[in-house]
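First comes the structure, then the notes that go with it.
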Amino acid sequence: MKTKYLLLALTICIAISSCKILSTKEYRSLVAQRDSLSTRTQNLESQLAQLQNDTMRLHKQINDLRNNNLALNNNLDATSTKANQLSSDLQKLSADLQKREARLKEVEDILKKRDEATNALKNKLQQALLGFQNSGLSVDIRNGKVYVSLTDKLLFPSGSIIIDDKGKQALKQLAAVLNKEPDINMAVEGHTDDKKVKNLGQIKDNWDLSVLRATSVTRYLTEVEMVDPHRLTATGKGEFQPIDATDSDEARTRNRRIEIVLTPKLDELYNLITK
């Protein structure tokens with residue numbers, strides 16, 4: 001602005017001076033000064049325009065940076081919220097995992113106790129029934145259960161459902177152990193071979209024979225040896241669950257049997273699982 005005033009003053013001076021008598025040298029000097037000031041003015045105006053453009057560009061950059069900063073802050077807040085939520089979820093998951101591990105430990109302890117009780121029961125039965133093990137009686141553990149297997153020859157005359165004296169003696173020894181183990185449930189299973197039933201009166205087939213033999217054993221245990229009937233279940237399996245599927249007389253002899261399946265009560269385990 002000051003340069004413009006100088007330029008204007010110089011122009012006026014030149015105009016005034018032109019009315020006076022000036023030397024050519026003085027006149028040219030004034031004109032040169034005016035032209036120089038005009039050029040400087042143009043340069044300054046160009047610089048001013050450039051500065052104004054730069055200022056506008058910088059203001060835009062500042063606004064962009066502010067917007068970016070705001071967006072980053074919003075993202076940071078969202079990330080912080082998500083991190084807090086994940087931390088909370090992780091804590092809940094950890095607490096839930098600890099509860100599950102505690103329940104798993106309880107289940108493992110109960111199953112361990114069951115296995116210990118099952119092995120102890122097996123040992124008691126083997127000792128009590130030691131005198132019958134050479135007569136077709138065996139005691140073993142399968143799937144956490146104790147199986148007392150008695151061949152039909154140990155319990156019944158051929159083709160009969162009436163227990164003979166030797167069979168009653170074996171069942172008496174068995175009941176003596178079971179009556180001291182109130183936490184044991186029993187399933188009496190009758191099994192036959194695959195030969196068709198012939199000339200057995202009202203017994204129509206192997207289903208009938210297996211069921212009637214199972215109920216005979218169950219009835220003897222409950223009515224004579226006073227085993228609690230609520231602990232017993234009688235079932236007939238017929239010929240369909242052989243322990244030896246080969247086609248031989250020895251296999252058929254093994255398949256004709258009564259199996260008394262002893263299962264420890266698992267009420268504690270069931271209650272734990274269904275919590």
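Order determines the names: the first chain of the structure tokens is A, the second B, and so forth; residues in each chain are numbered 1 upward, and ligands are numbered 1 upward as they are shown.
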For Ile203 of chain A, work out the shell of residues within 10 Å, counting only C-alpha atoms and skipping chain neighbours fewer than 5 positions away, then give it as a CSV table (one decimal) with all heavy atoms, in the first residue's frame.
chain,number,residue,atom,x,y,z
A,159,GLY,N,-33.3,-127.0,29.5
A,159,GLY,CA,-34.7,-126.6,29.0
A,159,GLY,C,-35.6,-126.1,30.1
A,159,GLY,O,-36.8,-125.9,29.8
A,160,SER,N,-35.1,-125.9,31.3
A,160,SER,CA,-36.0,-125.6,32.4
A,160,SER,C,-35.9,-124.1,32.8
A,160,SER,O,-34.9,-123.5,32.5
A,160,SER,CB,-35.7,-126.5,33.7
A,160,SER,OG,-36.5,-126.1,34.8
A,161,ILE,N,-36.9,-123.6,33.5
A,161,ILE,CA,-36.8,-122.3,34.1
A,161,ILE,C,-36.8,-122.3,35.6
A,161,ILE,O,-36.9,-121.3,36.3
A,161,ILE,CB,-38.0,-121.4,33.6
A,161,ILE,CG1,-39.3,-122.0,34.1
A,161,ILE,CG2,-37.9,-121.3,32.1
A,161,ILE,CD1,-40.5,-121.1,33.8
A,197,VAL,N,-36.3,-123.3,20.2
A,197,VAL,CA,-36.9,-124.0,21.3
A,197,VAL,C,-37.9,-125.1,20.8
A,197,VAL,O,-38.7,-124.9,19.9
A,197,VAL,CB,-37.7,-123.0,22.2
A,197,VAL,CG1,-38.5,-123.8,23.2
A,197,VAL,CG2,-36.7,-122.1,22.9
A,198,LYS,N,-37.7,-126.3,21.4
A,198,LYS,CA,-38.6,-127.4,21.0
A,198,LYS,C,-39.1,-128.1,22.2
A,198,LYS,O,-38.4,-128.3,23.2
A,198,LYS,CB,-37.8,-128.4,20.1
A,198,LYS,CG,-37.4,-127.9,18.8
A,198,LYS,CD,-36.6,-129.0,18.0
A,198,LYS,CE,-36.1,-128.4,16.6
A,198,LYS,NZ,-35.4,-129.5,15.9
A,208,ASP,N,-39.1,-116.1,25.1
A,208,ASP,CA,-39.8,-116.6,26.3
A,208,ASP,C,-38.9,-117.2,27.3
A,208,ASP,O,-38.9,-116.9,28.5
A,208,ASP,CB,-40.9,-117.6,25.9
A,208,ASP,CG,-42.2,-117.0,25.5
A,208,ASP,OD1,-42.4,-115.7,25.6
A,208,ASP,OD2,-43.1,-117.7,25.1
A,209,LEU,N,-38.0,-118.0,26.8
A,209,LEU,CA,-37.1,-118.8,27.6
A,209,LEU,C,-36.1,-117.8,28.4
A,209,LEU,O,-35.9,-117.9,29.6
A,209,LEU,CB,-36.3,-119.8,26.8
A,209,LEU,CG,-35.3,-120.6,27.6
A,209,LEU,CD1,-36.0,-121.4,28.7
A,209,LEU,CD2,-34.5,-121.5,26.7
A,210,SER,N,-35.6,-116.8,27.7
A,210,SER,CA,-34.7,-115.8,28.3
A,210,SER,C,-35.4,-115.0,29.3
A,210,SER,O,-34.9,-114.7,30.4
A,210,SER,CB,-34.0,-115.0,27.2
A,210,SER,OG,-35.0,-114.1,26.6
A,212,LEU,N,-38.3,-115.7,31.0
A,212,LEU,CA,-38.7,-116.5,32.2
A,212,LEU,C,-37.5,-116.9,33.1
A,212,LEU,O,-37.7,-117.0,34.3
A,212,LEU,CB,-39.4,-117.8,31.7
A,212,LEU,CG,-40.8,-117.5,31.0
A,212,LEU,CD1,-41.4,-118.7,30.4
A,212,LEU,CD2,-41.8,-116.9,32.0
Apply DSSP to the backbone of this structure and, from segment 194-255 of chain A, keep only the residues in alpha helix (DSSP H); write these as a PyMOL selection string. chain A and resi 206-223+249-255
May I have the residues within 10 Å of Val188 of chain A as a list in words, using only C-alpha atoms and disregarding those fewer than 5 positions away in the same chain? Tyr147, Val148, Ser149, Val211, Arg213, Ala214, Thr215, Ser216, Val217, Thr218, Leu232, Thr233, Ala234, Thr235, Gly236, Ile258, Glu259, Ile260, Val261 and Leu262 of chain A
So the first atom is atom CA of Gln126 of chain A and the second is atom CA of Lys166 of chain A; what is the distance between them in Å, to one decimal place? 17.1 Å
Mind listing the strand (DSSP E or B) residues of segment 19-260 of chain A, per DSSP on the backbone, as a short mmCIF file (atom, residue, chain, number, x, y, z; two decimals) with all heavy atoms, in the first residue's frame?
data_model
loop_
_atom_site.label_atom_id
_atom_site.label_comp_id
_atom_site.auth_asym_id
_atom_site.auth_seq_id
_atom_site.Cartn_x
_atom_site.Cartn_y
_atom_site.Cartn_z
N LEU A 137 -19.20 -119.75 36.35
CA LEU A 137 -19.48 -118.40 36.86
C LEU A 137 -18.25 -117.54 36.64
O LEU A 137 -17.11 -117.97 36.87
CB LEU A 137 -19.84 -118.46 38.35
CG LEU A 137 -20.21 -117.13 39.02
CD1 LEU A 137 -21.25 -117.36 40.12
CD2 LEU A 137 -18.99 -116.43 39.62
N SER A 138 -18.47 -116.31 36.21
CA SER A 138 -17.36 -115.36 36.04
C SER A 138 -17.80 -113.97 36.47
O SER A 138 -18.99 -113.64 36.44
CB SER A 138 -16.88 -115.33 34.57
OG SER A 138 -17.92 -114.84 33.74
N VAL A 139 -16.82 -113.18 36.91
CA VAL A 139 -17.08 -111.80 37.33
C VAL A 139 -16.08 -110.91 36.61
O VAL A 139 -14.87 -111.13 36.68
CB VAL A 139 -16.91 -111.62 38.86
CG1 VAL A 139 -17.24 -110.18 39.25
CG2 VAL A 139 -17.80 -112.59 39.62
N ASP A 140 -16.58 -109.92 35.88
CA ASP A 140 -15.68 -108.98 35.22
C ASP A 140 -16.33 -107.61 35.14
O ASP A 140 -17.52 -107.44 35.46
CB ASP A 140 -15.28 -109.48 33.82
CG ASP A 140 -16.48 -109.59 32.90
OD1 ASP A 140 -17.49 -110.22 33.29
OD2 ASP A 140 -16.42 -109.04 31.80
N ILE A 141 -15.53 -106.63 34.71
CA ILE A 141 -15.99 -105.24 34.61
C ILE A 141 -16.04 -104.84 33.14
O ILE A 141 -15.07 -105.04 32.40
CB ILE A 141 -15.08 -104.29 35.39
CG1 ILE A 141 -15.15 -104.59 36.89
CG2 ILE A 141 -15.47 -102.82 35.14
CD1 ILE A 141 -14.20 -103.75 37.72
N ARG A 142 -17.17 -104.27 32.73
CA ARG A 142 -17.31 -103.75 31.37
C ARG A 142 -18.04 -102.41 31.43
O ARG A 142 -19.11 -102.32 32.04
CB ARG A 142 -18.12 -104.71 30.48
CG ARG A 142 -17.38 -105.94 30.04
CD ARG A 142 -18.29 -106.85 29.24
NE ARG A 142 -18.74 -108.00 30.02
CZ ARG A 142 -19.83 -108.70 29.76
NH1 ARG A 142 -20.61 -108.35 28.75
NH2 ARG A 142 -20.16 -109.73 30.50
N LYS A 145 -19.35 -101.18 34.74
CA LYS A 145 -20.34 -102.02 35.42
C LYS A 145 -19.72 -103.39 35.72
O LYS A 145 -18.86 -103.86 34.99
CB LYS A 145 -21.60 -102.20 34.57
CG LYS A 145 -22.28 -100.89 34.18
CD LYS A 145 -23.42 -101.15 33.22
CE LYS A 145 -24.06 -99.85 32.76
NZ LYS A 145 -25.17 -100.07 31.80
N VAL A 146 -20.22 -104.02 36.80
CA VAL A 146 -19.77 -105.36 37.14
C VAL A 146 -20.77 -106.36 36.55
O VAL A 146 -21.98 -106.25 36.76
CB VAL A 146 -19.68 -105.54 38.66
CG1 VAL A 146 -19.29 -106.98 39.00
CG2 VAL A 146 -18.66 -104.57 39.25
N TYR A 147 -20.23 -107.33 35.81
CA TYR A 147 -21.07 -108.36 35.20
C TYR A 147 -20.78 -109.69 35.90
O TYR A 147 -19.65 -110.18 35.90
CB TYR A 147 -20.76 -108.51 33.71
CG TYR A 147 -21.36 -107.43 32.84
CD1 TYR A 147 -20.83 -106.14 32.84
CD2 TYR A 147 -22.45 -107.69 32.03
CE1 TYR A 147 -21.37 -105.15 32.04
CE2 TYR A 147 -23.01 -106.71 31.23
CZ TYR A 147 -22.46 -105.44 31.24
OH TYR A 147 -23.01 -104.46 30.46
N VAL A 148 -21.83 -110.26 36.52
CA VAL A 148 -21.73 -111.62 37.07
C VAL A 148 -22.44 -112.53 36.07
O VAL A 148 -23.67 -112.44 35.88
CB VAL A 148 -22.39 -111.71 38.45
CG1 VAL A 148 -22.27 -113.14 38.98
CG2 VAL A 148 -21.74 -110.73 39.41
N SER A 149 -21.68 -113.36 35.41
CA SER A 149 -22.23 -114.23 34.37
C SER A 149 -22.30 -115.67 34.88
O SER A 149 -21.30 -116.21 35.37
CB SER A 149 -21.36 -114.16 33.11
OG SER A 149 -21.92 -114.93 32.07
N LEU A 150 -23.50 -116.28 34.81
CA LEU A 150 -23.71 -117.65 35.26
C LEU A 150 -24.26 -118.46 34.09
O LEU A 150 -25.29 -118.10 33.50
CB LEU A 150 -24.70 -117.71 36.43
CG LEU A 150 -24.37 -116.82 37.64
CD1 LEU A 150 -25.16 -115.52 37.57
CD2 LEU A 150 -24.69 -117.54 38.94
N THR A 151 -23.59 -119.54 33.74
CA THR A 151 -24.07 -120.37 32.63
C THR A 151 -25.38 -121.05 33.03
O THR A 151 -25.68 -121.23 34.22
CB THR A 151 -23.04 -121.44 32.25
OG1 THR A 151 -22.82 -122.30 33.39
CG2 THR A 151 -21.72 -120.79 31.84
N ILE A 184 -26.16 -100.20 44.96
CA ILE A 184 -25.94 -100.92 43.70
C ILE A 184 -27.29 -101.32 43.11
O ILE A 184 -28.11 -101.94 43.77
CB ILE A 184 -25.09 -102.19 43.93
CG1 ILE A 184 -23.73 -101.83 44.54
CG2 ILE A 184 -24.91 -102.94 42.61
CD1 ILE A 184 -22.85 -100.98 43.66
N ASN A 185 -27.52 -100.93 41.85
CA ASN A 185 -28.70 -101.38 41.11
C ASN A 185 -28.35 -102.62 40.30
O ASN A 185 -27.19 -102.81 39.90
CB ASN A 185 -29.21 -100.28 40.17
CG ASN A 185 -29.88 -99.15 40.93
OD1 ASN A 185 -30.54 -99.37 41.95
ND2 ASN A 185 -29.70 -97.93 40.44
N MET A 186 -29.38 -103.47 40.05
CA MET A 186 -29.12 -104.75 39.38
C MET A 186 -30.07 -104.96 38.22
O MET A 186 -31.26 -104.66 38.34
CB MET A 186 -29.28 -105.91 40.37
CG MET A 186 -28.22 -105.95 41.46
SD MET A 186 -28.78 -106.92 42.88
CE MET A 186 -29.68 -105.65 43.79
N ALA A 187 -29.54 -105.47 37.12
CA ALA A 187 -30.36 -105.88 35.99
C ALA A 187 -30.06 -107.35 35.74
O ALA A 187 -28.90 -107.73 35.54
CB ALA A 187 -30.05 -105.05 34.76
N VAL A 188 -31.11 -108.18 35.78
CA VAL A 188 -30.95 -109.61 35.52
C VAL A 188 -31.33 -109.86 34.07
O VAL A 188 -32.47 -109.65 33.67
CB VAL A 188 -31.83 -110.45 36.47
CG1 VAL A 188 -31.63 -111.95 36.19
CG2 VAL A 188 -31.52 -110.13 37.92
N GLU A 189 -30.34 -110.30 33.28
CA GLU A 189 -30.55 -110.49 31.84
C GLU A 189 -30.49 -111.98 31.51
O GLU A 189 -29.52 -112.67 31.84
CB GLU A 189 -29.48 -109.76 31.03
CG GLU A 189 -29.49 -108.25 31.22
CD GLU A 189 -28.40 -107.56 30.43
OE1 GLU A 189 -27.54 -108.27 29.84
OE2 GLU A 189 -28.38 -106.31 30.41
N GLY A 190 -31.53 -112.46 30.83
CA GLY A 190 -31.52 -113.84 30.34
C GLY A 190 -31.05 -113.89 28.90
O GLY A 190 -31.48 -113.08 28.07
N HIS A 191 -30.15 -114.84 28.60
CA HIS A 191 -29.60 -115.00 27.24
C HIS A 191 -29.71 -116.47 26.83
O HIS A 191 -29.52 -117.37 27.67
CB HIS A 191 -28.13 -114.57 27.18
CG HIS A 191 -27.92 -113.12 27.52
ND1 HIS A 191 -27.84 -112.14 26.56
CD2 HIS A 191 -27.75 -112.51 28.71
CE1 HIS A 191 -27.64 -110.97 27.15
NE2 HIS A 191 -27.56 -111.16 28.46
N LEU A 232 -33.99 -104.04 41.35
CA LEU A 232 -33.85 -105.08 40.33
C LEU A 232 -34.69 -104.81 39.09
O LEU A 232 -35.80 -104.28 39.17
CB LEU A 232 -34.27 -106.43 40.90
CG LEU A 232 -33.20 -107.16 41.74
CD1 LEU A 232 -33.85 -108.18 42.64
CD2 LEU A 232 -32.19 -107.83 40.83
N THR A 233 -34.14 -105.20 37.95
CA THR A 233 -34.86 -105.18 36.68
C THR A 233 -34.59 -106.50 35.97
O THR A 233 -33.43 -106.95 35.90
CB THR A 233 -34.36 -104.02 35.78
OG1 THR A 233 -34.53 -102.79 36.46
CG2 THR A 233 -35.14 -103.98 34.47
N ALA A 234 -35.63 -107.13 35.46
CA ALA A 234 -35.48 -108.41 34.76
C ALA A 234 -35.75 -108.20 33.27
O ALA A 234 -36.76 -107.60 32.90
CB ALA A 234 -36.44 -109.44 35.32
N THR A 235 -34.84 -108.68 32.44
CA THR A 235 -35.01 -108.54 30.99
C THR A 235 -34.58 -109.82 30.29
O THR A 235 -33.73 -110.56 30.79
CB THR A 235 -34.17 -107.37 30.42
OG1 THR A 235 -32.79 -107.61 30.71
CG2 THR A 235 -34.59 -106.05 31.02
N GLY A 236 -35.20 -110.06 29.12
CA GLY A 236 -34.80 -111.19 28.29
C GLY A 236 -34.19 -110.71 26.99
O GLY A 236 -34.77 -109.88 26.30
N LYS A 237 -33.00 -111.18 26.67
CA LYS A 237 -32.30 -110.75 25.46
C LYS A 237 -32.36 -111.79 24.34
O LYS A 237 -31.85 -111.56 23.25
CB LYS A 237 -30.83 -110.48 25.79
CG LYS A 237 -30.61 -109.47 26.91
CD LYS A 237 -30.99 -108.07 26.47
CE LYS A 237 -30.63 -107.05 27.55
NZ LYS A 237 -30.93 -105.67 27.14
N GLY A 238 -32.96 -112.94 24.65
CA GLY A 238 -33.02 -113.98 23.63
C GLY A 238 -31.64 -114.41 23.17
O GLY A 238 -30.71 -114.52 23.96
N ARG A 257 -26.87 -118.20 29.18
CA ARG A 257 -26.38 -117.68 30.46
C ARG A 257 -27.38 -116.70 31.07
O ARG A 257 -28.26 -116.19 30.41
CB ARG A 257 -25.03 -116.96 30.25
CG ARG A 257 -25.18 -115.67 29.47
CD ARG A 257 -23.85 -115.21 28.88
NE ARG A 257 -23.95 -113.86 28.28
CZ ARG A 257 -24.44 -113.62 27.06
NH1 ARG A 257 -24.89 -114.62 26.31
NH2 ARG A 257 -24.48 -112.37 26.60
N ILE A 258 -27.18 -116.45 32.35
CA ILE A 258 -27.82 -115.33 33.06
C ILE A 258 -26.71 -114.35 33.42
O ILE A 258 -25.69 -114.74 34.00
CB ILE A 258 -28.53 -115.80 34.35
CG1 ILE A 258 -29.77 -116.62 34.01
CG2 ILE A 258 -28.91 -114.60 35.21
CD1 ILE A 258 -30.92 -115.81 33.43
N GLU A 259 -26.91 -113.09 33.06
CA GLU A 259 -25.95 -112.06 33.45
C GLU A 259 -26.63 -111.10 34.42
O GLU A 259 -27.71 -110.56 34.12
CB GLU A 259 -25.44 -111.29 32.23
CG GLU A 259 -24.45 -112.10 31.41
CD GLU A 259 -23.72 -111.25 30.38
OE1 GLU A 259 -24.27 -110.21 29.96
OE2 GLU A 259 -22.61 -111.66 29.99
N ILE A 260 -26.01 -110.93 35.56
CA ILE A 260 -26.50 -109.96 36.55
C ILE A 260 -25.58 -108.76 36.46
O ILE A 260 -24.40 -108.84 36.80
CB ILE A 260 -26.53 -110.57 37.96
CG1 ILE A 260 -27.42 -111.82 37.96
CG2 ILE A 260 -27.03 -109.54 38.97
CD1 ILE A 260 -27.45 -112.55 39.28
#
For atom CA of Arg256 of chain A and atom CA of Glu239 of chain A, determine how far apart the two atoms are, in Å to one decimal place.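 Atom CA of Arg256 of chain A sits 8.4 Å away from atom CA of Glu239 of chain A.
Comparing A:Glu26, A:Asp96, A:Asp89, A:Asp228 by their smallest distance to Lys180 of chain A, the closest is A:Asp228 (using only C-alpha atoms).
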Distance criterion (only C-alpha atoms): nearest to Gly131 of chain A out of A:Asn74, A:Tyr220, A:Ile62, A:Gln169: A:Gln169
